[in-house]
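Student: Dropping the structure in here first, questions after.
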Amino acid sequence: MLEIELARALEPEMMGEQPCGICGADFQPEAVLAQLVTDSYLPPVCEPCLSHLARRALATWLAAPKTGTTKPSGIRSTAAG
Ligand SMILES: [Zn+2]
């Protein structure tokens, strides 16, 4: 499973146009960056890739049998900075 971490852009350079970590298309990140959690650094993920992954994660969660109030996994946020 892909794990994505949300982090605030701490430097102006982090918001410069760059290739998406998944599809490779150049995009302009905003103040919150969505990054794949991997052993090595990958660039942030673009909005279309993120929304596609979020839809799939939600659909998977909605289709799964519910036990308690577990939230969809695979996306988490951190209070970086
Ligand atoms: Zn992308």
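We name chains A, B, ... following the order of the structure tokens; residues begin at 1 in each chain, and ligands are numbered from 1 as shown.
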Counting only C-alpha atoms and all ligand atoms, what residues are within 9 Å of ligand 1, given as an MDAnalysis selection string?
Tutor: chainID A and resid 19:27 44:50
Student: Once DSSP has gone over the backbone, tell me which residues of chain A are in strand (DSSP E or B), as a PDB file with C-alpha atoms, in the first residue's frame.
Tutor:
ATOM      1  CA  ILE A   4       1.240   9.503   1.761  1.00  0.00           C
ATOM      2  CA  GLU A   5       2.333  12.094   4.254  1.00  0.00           C
ATOM      3  CA  LEU A   6       1.150  15.696   4.251  1.00  0.00           C
ATOM      4  CA  ALA A   7       3.767  18.264   5.171  1.00  0.00           C
ATOM      5  CA  ARG A   8       3.856  22.030   5.161  1.00  0.00           C
ATOM      6  CA  GLN A  18       8.554  20.391 -10.039  1.00  0.00           C
ATOM      7  CA  PRO A  19       7.740  16.942 -11.414  1.00  0.00           C
ATOM      8  CA  ASP A  26       5.381  19.284 -13.825  1.00  0.00           C
ATOM      9  CA  PHE A  27       3.100  20.990 -11.334  1.00  0.00           C
ATOM     10  CA  VAL A  32       0.843  21.725   1.873  1.00  0.00           C
ATOM     11  CA  LEU A  33       2.855  19.040   0.109  1.00  0.00           C
ATOM     12  CA  ALA A  34       1.694  15.444  -0.249  1.00  0.00           C
ATOM     13  CA  GLN A  35       4.705  13.142  -0.285  1.00  0.00           C
ATOM     14  CA  LEU A  36       4.993   9.406  -0.719  1.00  0.00           C
ATOM     15  CA  ILE A  75      -3.080   8.919   4.172  1.00  0.00           C
ATOM     16  CA  ARG A  76      -1.848  10.616   7.275  1.00  0.00           C
ATOM     17  CA  SER A  77      -0.821  14.076   8.207  1.00  0.00           C
TER      18      SER A  77
END
Student: So which residues of stretch 32-61 of chain A fall under helix (DSSP H, G or I) by DSSP, listed as a list of chain:residue names?
Tutor: A:Glu47, A:Pro48, A:Cys49, A:Leu50, A:Ser51, A:His52, A:Leu53, A:Ala54, A:Arg55, A:Arg56, A:Ala57, A:Leu58, A:Ala59, A:Thr60, A:Trp61
Student: Would you save the residues of that selection, restricted to N, CA and C atoms, as a CSV table (one decimal), in the first residue's frame?
Tutor:
chain,number,residue,atom,x,y,z
A,47,GLU,N,-1.8,17.3,-7.5
A,47,GLU,CA,-3.2,17.2,-7.1
A,47,GLU,C,-4.0,16.1,-7.7
A,48,PRO,N,-4.0,16.0,-9.1
A,48,PRO,CA,-4.7,14.9,-9.7
A,48,PRO,C,-4.4,13.5,-9.2
A,49,CYS,N,-3.1,13.2,-9.0
A,49,CYS,CA,-2.7,11.9,-8.5
A,49,CYS,C,-3.2,11.8,-7.0
A,50,LEU,N,-3.1,12.8,-6.2
A,50,LEU,CA,-3.5,12.7,-4.8
A,50,LEU,C,-5.0,12.5,-4.8
A,51,SER,N,-5.8,13.2,-5.6
A,51,SER,CA,-7.3,13.0,-5.5
A,51,SER,C,-7.7,11.6,-6.0
A,52,HIS,N,-6.9,11.1,-7.0
A,52,HIS,CA,-7.2,9.8,-7.5
A,52,HIS,C,-7.0,8.8,-6.4
A,53,LEU,N,-5.8,8.9,-5.8
A,53,LEU,CA,-5.5,7.9,-4.7
A,53,LEU,C,-6.4,8.0,-3.5
A,54,ALA,N,-6.8,9.3,-3.2
A,54,ALA,CA,-7.8,9.5,-2.1
A,54,ALA,C,-9.1,8.8,-2.4
A,55,ARG,N,-9.6,9.0,-3.7
A,55,ARG,CA,-10.9,8.4,-4.1
A,55,ARG,C,-10.8,6.9,-4.0
A,56,ARG,N,-9.7,6.3,-4.4
A,56,ARG,CA,-9.5,4.8,-4.4
A,56,ARG,C,-9.5,4.4,-2.9
A,57,ALA,N,-8.7,5.1,-2.1
A,57,ALA,CA,-8.6,4.7,-0.7
A,57,ALA,C,-10.0,4.7,0.0
A,58,LEU,N,-10.7,5.8,-0.3
A,58,LEU,CA,-12.1,5.9,0.3
A,58,LEU,C,-13.0,4.8,-0.3
A,59,ALA,N,-13.0,4.5,-1.5
A,59,ALA,CA,-13.8,3.5,-2.1
A,59,ALA,C,-13.5,2.1,-1.5
A,60,THR,N,-12.2,1.9,-1.3
A,60,THR,CA,-11.8,0.6,-0.7
A,60,THR,C,-12.3,0.5,0.7
A,61,TRP,N,-12.2,1.7,1.4
A,61,TRP,CA,-12.7,1.7,2.8
A,61,TRP,C,-14.2,1.5,2.9
Student: Kindly give the distance, in Å, that separates atom CA of A:Met1 and atom CA of A:Tyr41, rounded to a single decimal.
Tutor: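 About the pair atom CA of A:Met1 and atom CA of A:Tyr41: they are 17.3 Å apart.
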Student: Grab the atom CA of A:Thr38 to atom CA of A:Met15 distance for me, in Å with one decimal place.
Tutor: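 Atom-to-atom, atom CA of A:Thr38 to atom CA of A:Met15, that is 20.4 Å.
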